[in-house]
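Visitor: Structure file my_file.txt, compact mmCIF, C-alpha atoms and all ligand atoms, is pasted below:
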```
# COMPACT_ATOMS: atom_id res chain seq x y z
CA GLY A 1 80.99 99.80 38.05
CA LYS A 2 77.29 100.29 38.44
CA THR A 3 75.01 97.27 38.57
CA ILE A 4 72.34 97.50 35.93
CA LEU A 5 69.51 95.03 35.51
CA ILE A 6 68.06 94.68 32.02
CA THR A 7 65.06 92.54 31.07
CA GLY A 8 64.53 91.23 27.55
CA VAL A 9 68.28 90.74 26.95
CA ALA A 10 67.95 87.74 24.64
CA SER A 11 66.94 89.87 21.67
CA GLY A 12 66.66 93.26 20.02
CA ILE A 13 66.72 96.41 22.13
CA GLY A 14 67.48 94.61 25.40
CA ALA A 15 70.44 92.77 23.88
CA ARG A 16 71.89 96.00 22.46
CA THR A 17 71.31 97.89 25.72
CA ALA A 18 73.14 95.16 27.64
CA GLU A 19 76.04 95.19 25.19
CA LEU A 20 76.40 98.97 25.36
CA ALA A 21 76.10 99.06 29.16
CA GLY A 22 78.90 96.50 29.35
CA GLN A 23 81.06 98.59 27.01
CA LEU A 24 80.44 101.61 29.25
CA GLY A 25 81.74 99.68 32.26
CA ALA A 26 78.54 98.61 34.00
CA ASP A 27 78.03 95.23 35.64
CA VAL A 28 75.10 93.91 33.64
CA ILE A 29 72.59 91.40 34.93
CA GLY A 30 70.45 90.26 32.02
CA VAL A 31 67.03 88.70 32.41
CA ASP A 32 64.96 86.90 29.79
CA VAL A 33 62.61 83.96 29.43
CA ARG A 34 64.95 82.68 26.68
CA GLU A 35 68.70 82.07 26.80
CA PRO A 36 70.60 84.80 24.92
CA ALA A 37 72.92 83.68 22.12
CA ALA A 38 75.72 85.83 23.55
CA ALA A 39 75.31 87.07 27.11
CA ALA A 40 76.75 90.45 28.06
CA GLY A 41 77.46 90.11 31.79
CA SER A 42 75.58 87.61 33.92
CA PHE A 43 72.23 86.12 32.98
CA VAL A 44 69.20 85.05 34.99
CA LYS A 45 66.50 83.08 33.22
CA ALA A 46 63.06 84.16 34.37
CA ASP A 47 59.51 84.59 33.16
CA ILE A 48 57.96 87.85 34.34
CA SER A 49 54.46 86.97 33.11
CA SER A 50 53.28 85.72 36.51
CA LYS A 51 53.59 86.77 40.15
CA ALA A 52 55.41 83.50 40.90
CA GLY A 53 57.88 84.18 38.08
CA VAL A 54 58.57 87.71 39.31
CA ASP A 55 58.90 86.64 42.96
CA GLU A 56 61.33 83.89 42.02
CA LEU A 57 63.38 86.35 39.96
CA VAL A 58 63.49 88.97 42.72
CA ALA A 59 64.72 86.32 45.16
CA ARG A 60 67.67 85.55 42.88
CA LEU A 61 68.84 89.13 42.38
CA PRO A 62 71.49 91.01 44.39
CA GLN A 63 70.66 93.35 47.26
CA ARG A 64 71.97 96.49 45.60
CA ILE A 65 71.10 97.62 42.10
CA ASP A 66 71.79 101.00 40.50
CA ALA A 67 69.32 100.89 37.63
CA LEU A 68 66.55 98.75 36.21
CA CYS A 69 65.81 98.77 32.48
CA ASN A 70 62.43 97.22 31.75
CA VAL A 71 62.80 96.21 28.12
CA ALA A 72 61.13 92.77 27.87
CA GLY A 73 57.85 92.83 26.00
CA LEU A 74 55.40 90.89 23.85
CA SER A 75 53.92 92.11 20.56
CA GLY A 76 50.30 91.28 21.29
CA ASN A 77 50.14 88.34 18.91
CA THR A 78 49.55 85.96 21.83
CA GLY A 79 46.45 87.73 23.15
CA ALA A 80 45.65 90.67 25.37
CA ALA A 81 46.02 88.90 28.74
CA ALA A 82 49.47 87.45 27.98
CA THR A 83 50.62 90.82 26.64
CA LEU A 84 49.35 92.86 29.56
CA ALA A 85 50.86 90.35 31.98
CA VAL A 86 54.40 90.87 30.63
CA ASN A 87 54.33 94.44 29.31
CA PHE A 88 52.63 95.97 32.33
CA PHE A 89 51.74 93.87 35.37
CA GLY A 90 54.95 91.81 35.36
CA LEU A 91 57.11 94.84 34.67
CA ARG A 92 55.44 96.81 37.47
CA ALA A 93 55.66 93.91 39.95
CA LEU A 94 59.38 93.55 39.21
CA SER A 95 59.94 97.30 39.66
CA GLU A 96 58.04 97.39 42.96
CA GLY A 97 59.77 94.22 44.16
CA LEU A 98 63.19 95.69 43.42
CA ALA A 99 62.47 99.20 44.70
CA PRO A 100 63.99 98.54 48.16
CA ARG A 101 67.19 97.33 46.52
CA LEU A 102 67.60 100.25 44.14
CA ARG A 103 70.16 102.60 45.54
CA GLU A 104 69.24 106.16 46.50
CA GLY A 105 69.28 108.23 43.34
CA GLY A 106 68.92 105.12 41.18
CA ALA A 107 66.74 104.87 38.11
CA ILE A 108 64.09 102.84 36.37
CA VAL A 109 63.63 103.10 32.59
CA ASN A 110 60.54 101.58 31.02
CA VAL A 111 60.57 100.83 27.31
CA ALA A 112 57.04 101.80 26.26
CA SER A 113 56.11 102.54 22.62
CA ILE A 114 54.66 105.02 20.19
CA ALA A 115 51.73 102.57 20.40
CA GLY A 116 50.99 103.96 23.89
CA PHE A 117 50.32 107.37 22.35
CA GLY A 118 46.60 107.09 23.19
CA TRP A 119 47.08 107.04 26.97
CA ARG A 120 45.44 110.45 27.38
CA ALA A 121 42.55 109.78 25.00
CA ASN A 122 41.86 106.49 26.83
CA LEU A 123 42.67 107.84 30.28
CA ASN A 124 39.63 106.48 32.12
CA ARG A 125 40.26 102.90 31.16
CA ALA A 126 44.01 103.22 31.63
CA ALA A 127 43.58 104.80 35.08
CA SER A 128 41.16 102.10 36.16
CA MET A 129 43.57 99.35 35.15
CA VAL A 130 46.67 101.05 36.60
CA GLY A 131 44.70 101.45 39.84
CA ILE A 132 44.56 97.68 40.31
CA GLU A 133 47.32 96.94 42.80
CA GLY A 134 49.65 93.95 42.88
CA PHE A 135 49.60 91.21 40.28
CA PRO A 136 45.94 90.55 39.45
CA ASP A 137 44.35 87.74 37.48
CA VAL A 138 45.06 89.42 34.15
CA ALA A 139 42.45 87.46 32.19
CA GLU A 140 39.87 88.83 34.61
CA VAL A 141 41.16 92.39 34.17
CA VAL A 142 40.96 92.02 30.39
CA ALA A 143 37.37 90.77 30.61
CA ASP A 144 36.31 93.46 33.12
CA HIS A 145 37.73 96.24 30.92
CA ALA A 146 36.60 94.72 27.61
CA VAL A 147 40.12 94.82 26.14
CA ARG A 148 40.00 93.20 22.70
CA ASN A 149 42.96 91.07 21.69
CA GLU A 150 44.18 93.56 19.10
CA GLU A 151 44.12 96.28 21.77
CA GLY A 152 46.30 94.31 24.17
CA TYR A 153 49.59 95.79 22.99
CA PRO A 154 48.59 99.48 22.76
CA VAL A 155 46.71 99.26 26.06
CA SER A 156 49.73 97.67 27.75
CA LYS A 157 51.87 100.62 26.66
CA GLU A 158 49.23 103.18 27.66
CA LEU A 159 49.22 101.65 31.15
CA LEU A 160 53.01 101.66 31.22
CA LEU A 161 53.19 105.36 30.37
CA LEU A 162 50.53 106.34 32.89
CA TRP A 163 52.22 104.24 35.56
CA THR A 164 55.61 105.82 34.73
CA PHE A 165 54.17 109.29 35.39
CA ARG A 166 52.60 108.13 38.66
CA ALA A 167 55.52 106.05 39.86
CA ALA A 168 57.80 109.09 39.56
CA HIS A 169 55.68 110.62 42.33
CA GLN A 170 55.07 107.48 44.35
CA ASP A 171 56.72 107.31 47.78
CA LEU A 172 58.14 103.85 47.10
CA PHE A 173 60.46 105.46 44.55
CA LYS A 174 60.40 109.20 45.20
CA SER A 175 61.29 109.04 48.88
CA ARG A 176 64.69 107.63 47.90
CA GLY A 177 65.25 109.72 44.80
CA ILE A 178 64.65 106.87 42.38
CA ARG A 179 63.71 108.36 39.03
CA VAL A 180 61.19 106.58 36.79
CA ASN A 181 61.17 107.44 33.09
CA ALA A 182 59.98 105.94 29.81
CA VAL A 183 61.40 105.67 26.32
CA SER A 184 58.91 105.26 23.47
CA PRO A 185 60.47 103.78 20.36
CA GLY A 186 58.88 104.00 16.93
CA PRO A 187 59.27 101.01 14.59
CA VAL A 188 62.65 99.35 15.24
CA GLU A 189 64.20 96.53 13.18
CA THR A 190 64.07 93.67 15.69
CA PRO A 191 62.26 90.31 15.62
CA ILE A 192 59.16 91.88 17.20
CA LEU A 193 58.65 94.16 14.17
CA LYS A 194 57.70 91.15 12.03
CA GLN A 195 55.01 90.34 14.58
CA PHE A 196 53.74 93.93 14.50
CA ARG A 197 53.47 93.59 10.72
CA THR A 198 51.21 90.58 11.23
CA VAL A 199 49.12 92.27 13.94
CA LEU A 200 48.88 95.77 12.39
CA GLY A 201 49.38 95.02 8.69
CA ASP A 202 52.34 95.98 6.49
CA ALA A 203 50.65 99.15 5.22
CA ARG A 204 50.44 100.70 8.68
CA VAL A 205 54.01 99.82 9.66
CA ASP A 206 55.40 100.94 6.29
CA SER A 207 53.57 104.27 6.40
CA ASP A 208 54.96 104.95 9.90
CA ILE A 209 58.46 104.15 8.65
CA ALA A 210 57.95 106.29 5.54
CA ARG A 211 56.99 109.33 7.65
CA VAL A 212 60.46 109.39 9.21
CA GLY A 213 62.53 107.94 6.38
CA ARG A 214 63.69 104.68 7.94
CA ALA A 215 63.01 102.22 10.69
CA GLY A 216 65.05 102.55 13.87
CA THR A 217 67.72 100.13 15.03
CA SER A 218 68.36 98.81 18.53
CA GLY A 219 71.46 100.99 18.49
CA ASP A 220 69.22 104.07 18.14
CA ILE A 221 67.33 103.19 21.33
CA ALA A 222 69.95 101.76 23.72
CA PRO A 223 71.96 105.00 24.30
CA VAL A 224 68.81 106.90 25.28
CA VAL A 225 67.79 104.18 27.74
CA LEU A 226 71.24 104.29 29.32
CA PHE A 227 71.32 108.08 29.39
CA LEU A 228 68.11 108.06 31.44
CA CYS A 229 69.81 105.62 33.85
CA SER A 230 72.81 107.89 34.23
CA ASP A 231 73.44 110.75 36.66
CA GLY A 232 73.41 113.11 33.69
CA ALA A 233 69.63 112.61 33.70
CA ARG A 234 69.37 113.38 37.42
CA TRP A 235 66.71 116.08 36.84
CA VAL A 236 64.68 114.00 34.38
CA ASN A 237 61.84 112.25 36.17
CA GLY A 238 58.47 110.96 35.05
CA ALA A 239 59.32 111.79 31.45
CA ASN A 240 58.42 109.96 28.28
CA VAL A 241 61.13 110.32 25.67
CA PRO A 242 60.00 109.37 22.15
CA VAL A 243 62.88 107.83 20.21
CA ASP A 244 61.25 107.48 16.84
CA GLY A 245 62.99 109.72 14.32
CA GLY A 246 60.24 112.32 14.81
CA LEU A 247 57.21 110.07 14.27
CA GLU A 248 55.30 111.16 17.37
CA ALA A 249 56.05 114.81 16.64
CA SER A 250 54.68 114.41 13.12
CA ILE A 251 51.46 112.94 14.51
CA ASN A 252 51.21 115.74 17.11
CA ALA A 253 51.87 118.38 14.49
CA GLU A 254 49.05 117.07 12.33
CA VAL A 255 46.62 117.20 15.23
CA LEU A 256 47.63 120.73 16.25
P1 LIG B 301 62.27 91.43 20.83
O1 LIG B 301 61.12 90.54 20.57
O2 LIG B 301 63.47 91.33 19.97
O3 LIG B 301 62.74 91.29 22.36
C1 LIG B 301 61.85 91.15 23.42
C2 LIG B 301 62.48 90.25 24.47
O4 LIG B 301 61.58 90.16 25.61
C3 LIG B 301 62.71 88.82 23.96
O5 LIG B 301 64.05 88.43 24.15
C4 LIG B 301 61.76 88.00 24.80
O6 LIG B 301 62.20 86.67 25.07
C5 LIG B 301 61.65 88.83 26.08
N1 LIG B 301 60.47 88.44 26.84
C6 LIG B 301 59.21 88.25 26.34
N2 LIG B 301 58.39 87.78 27.29
C7 LIG B 301 59.13 87.67 28.43
C8 LIG B 301 58.83 87.21 29.74
N3 LIG B 301 57.62 86.73 30.06
N4 LIG B 301 59.82 87.25 30.66
C9 LIG B 301 61.05 87.67 30.33
N5 LIG B 301 61.39 88.10 29.10
C10 LIG B 301 60.45 88.09 28.15
O7 LIG B 301 61.68 92.91 20.73
P2 LIG B 301 62.38 94.36 20.93
O8 LIG B 301 62.12 95.14 19.74
O9 LIG B 301 63.75 94.23 21.44
O10 LIG B 301 61.42 94.93 22.07
C11 LIG B 301 61.90 95.44 23.30
C12 LIG B 301 60.85 96.38 23.83
O11 LIG B 301 60.71 97.47 22.94
C13 LIG B 301 59.45 95.78 24.00
O12 LIG B 301 58.89 96.21 25.21
C14 LIG B 301 58.70 96.36 22.81
O13 LIG B 301 57.31 96.46 23.08
C15 LIG B 301 59.35 97.72 22.70
N6 LIG B 301 59.16 98.33 21.39
C16 LIG B 301 59.68 97.77 20.27
C17 LIG B 301 59.45 98.35 19.04
C18 LIG B 301 59.96 97.75 17.77
O14 LIG B 301 59.49 98.14 16.69
N7 LIG B 301 60.90 96.83 17.81
C19 LIG B 301 58.65 99.57 18.91
C20 LIG B 301 58.19 100.11 20.16
C21 LIG B 301 58.44 99.50 21.35
```
Will you turn the file into structure tokens for me?
Ligand code: NAI
Guide:
Amino acid sequence: GKTILITGVASGIGARTAELAGQLGADVIGVDVREPAAAAGSFVKADISSKAGVDELVARLPQRIDALCNVAGLSGNTGAAATLAVNFFGLRALSEGLAPRLREGGAIVNVASIAGFGWRANLNRAASMVGIEGFPDVAEVVADHAVRNEEGYPVSKELLLLWTFRAAHQDLFKSRGIRVNAVSPGPVETPILKQFRTVLGDARVDSDIARVGRAGTSGDIAPVVLFLCSDGARWVNGANVPVDGGLEASINAEVL
């Protein structure tokens, strides 16, 4: 089978993606900062919030990987620096560190969010932050770019989307046919949704859910992540696929 690395496997979307990948015959290597209750495949405990954590993780992973699913993420309730460190800088450092081990024609799928919708409106700030190479002192980046704590989560997803588009055209990946895509879920019933309710307020979350009739489930997201990993998606590169029951479309339609 194919070897597929999935971060954030201890909970929610990552756990479901790992389970489904296993059912489809992949060799799953799960990564999380917490132990999963039930591991699908093998598990490596790691914290991707620092350069040391990412380097240590990369050193423990096999030499050949078919696909990387970047699912691990924080809600923003622990501050902008912590959130940007995991949701963007750690994710990117892991992807760049693993690039030489991804097979030709392999894939990276980044789980972004509807919350990253503003990447184009906030392009200058996003481009400036994405332009910082390596794993910077994230607290310094947050201060330099005046990112308020409540902006940490949406900004992290804006950076992730912008980087996805760029990485698809970056030699590190493109020269070996490694596709880089994003999936942007709307509200999904996982433990993080409770935290979003605290950060954003119930009214905002409930009105988003009401627009599309129900919240999503991890099972709504996982198949799309794995499709983008598969050879069936071989001509899909640098794309952002909203998986939100139509939420993003409804926002776009209102603006148009
Ligand atoms: P979750 O909270 O259930 O799972 C996130 C996982 O990431 C946890 O197991 C956690 O331990 C892990 N993680 C956090 N920090 C880490 C670190 N430093 N190193 C390694 N692992 C770490 O949340 P869920 O819903 O499964 O979220 C998965 C992704 O989907 C996240 O990137 C989230 O931003 C995104 N998303 C979720 C939505 C939702 O409503 N549930 C909506 C839009 C996007």
Visitor: Which residues sit within 7 Å of ligand LIG 301 (chain B), counting all atoms listed in the file, listed as JSON, numbers by chain?
Guide: {"A": [7, 8, 9, 10, 11, 12, 13, 14, 31, 32, 33, 34, 46, 47, 48, 49, 71, 72, 73, 74, 75, 86, 87, 111, 112, 113, 114, 115, 184, 185, 186, 187, 188, 189, 190, 191, 192, 193]}
Visitor: Pick out the closest residue to A:Val225 from this set: A:Ala210, A:Ala121, A:Met129, A:Ala67. Count all atoms listed in the file.
Guide: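 Using all atoms listed in the file, the shortest distance to A:Val225 belongs to A:Ala67.
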Visitor: For A:Phe227, which residue out of A:Asp144, A:Arg120, A:Ala203, A:Val109 is the nearest one, using all atoms listed in the file?
Guide: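 When distances to A:Phe227 are compared using all atoms listed in the file, the smallest one comes from A:Val109.
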Visitor: Determine the nearest neighbour of A:Gln63 from the options A:Thr3, A:Ser250, A:Thr164, A:Ser207, counting only C-alpha atoms.
Guide: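 Among the listed residues, the smallest separation from A:Gln63 belongs to A:Thr3.
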Visitor: Looking at only C-alpha atoms, which of A:Arg101, A:Lys157, A:His145, A:His169 is the one that sits closest to A:Val183?
Guide: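 Among the listed residues, A:Lys157 lies closest to A:Val183.
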Visitor: Which polymer residues have any atom within 8 Å of an atom of A:Val138, counting only C-alpha atoms, with same-chain residues fewer than 4 positions away left out, as an NGL selection string?
Guide: :A and (81-82 or 84-85 or 142)
Visitor: What would the list of residues within 10 Å of (57.7, 87.8, 45.3) (file frame) look like as a list of chain:residue names, if all atoms listed in the file are what count?
Guide: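 Answer for this query, in the requested form: A:Lys51, A:Ala52, A:Gly53, A:Val54, A:Asp55, A:Glu56, A:Leu57, A:Val58, A:Ala59, A:Ala93, A:Leu94, A:Glu96, A:Gly97, A:Leu98.
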Visitor: Please enclose the listed atoms of stretch 37-50 of chain A in an axis-aligned box, pad each side by 8 Å, and write out the centre and the three edge lengths in Å, rounded to one decimal, as lines of an AutoDock Vina configuration file.
Guide:
```
center_x = 65.4
center_y = 86.8
center_z = 29.3
size_x = 40.2
size_y = 23.4
size_z = 30.4
```
Visitor: Which residue, A:Leu61, A:Leu24, A:Ala127, A:Ala167, has the smallest gap to A:Arg179 when you use all atoms listed in the file?
Guide: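 So, comparing all the options, the nearest one is A:Ala167.
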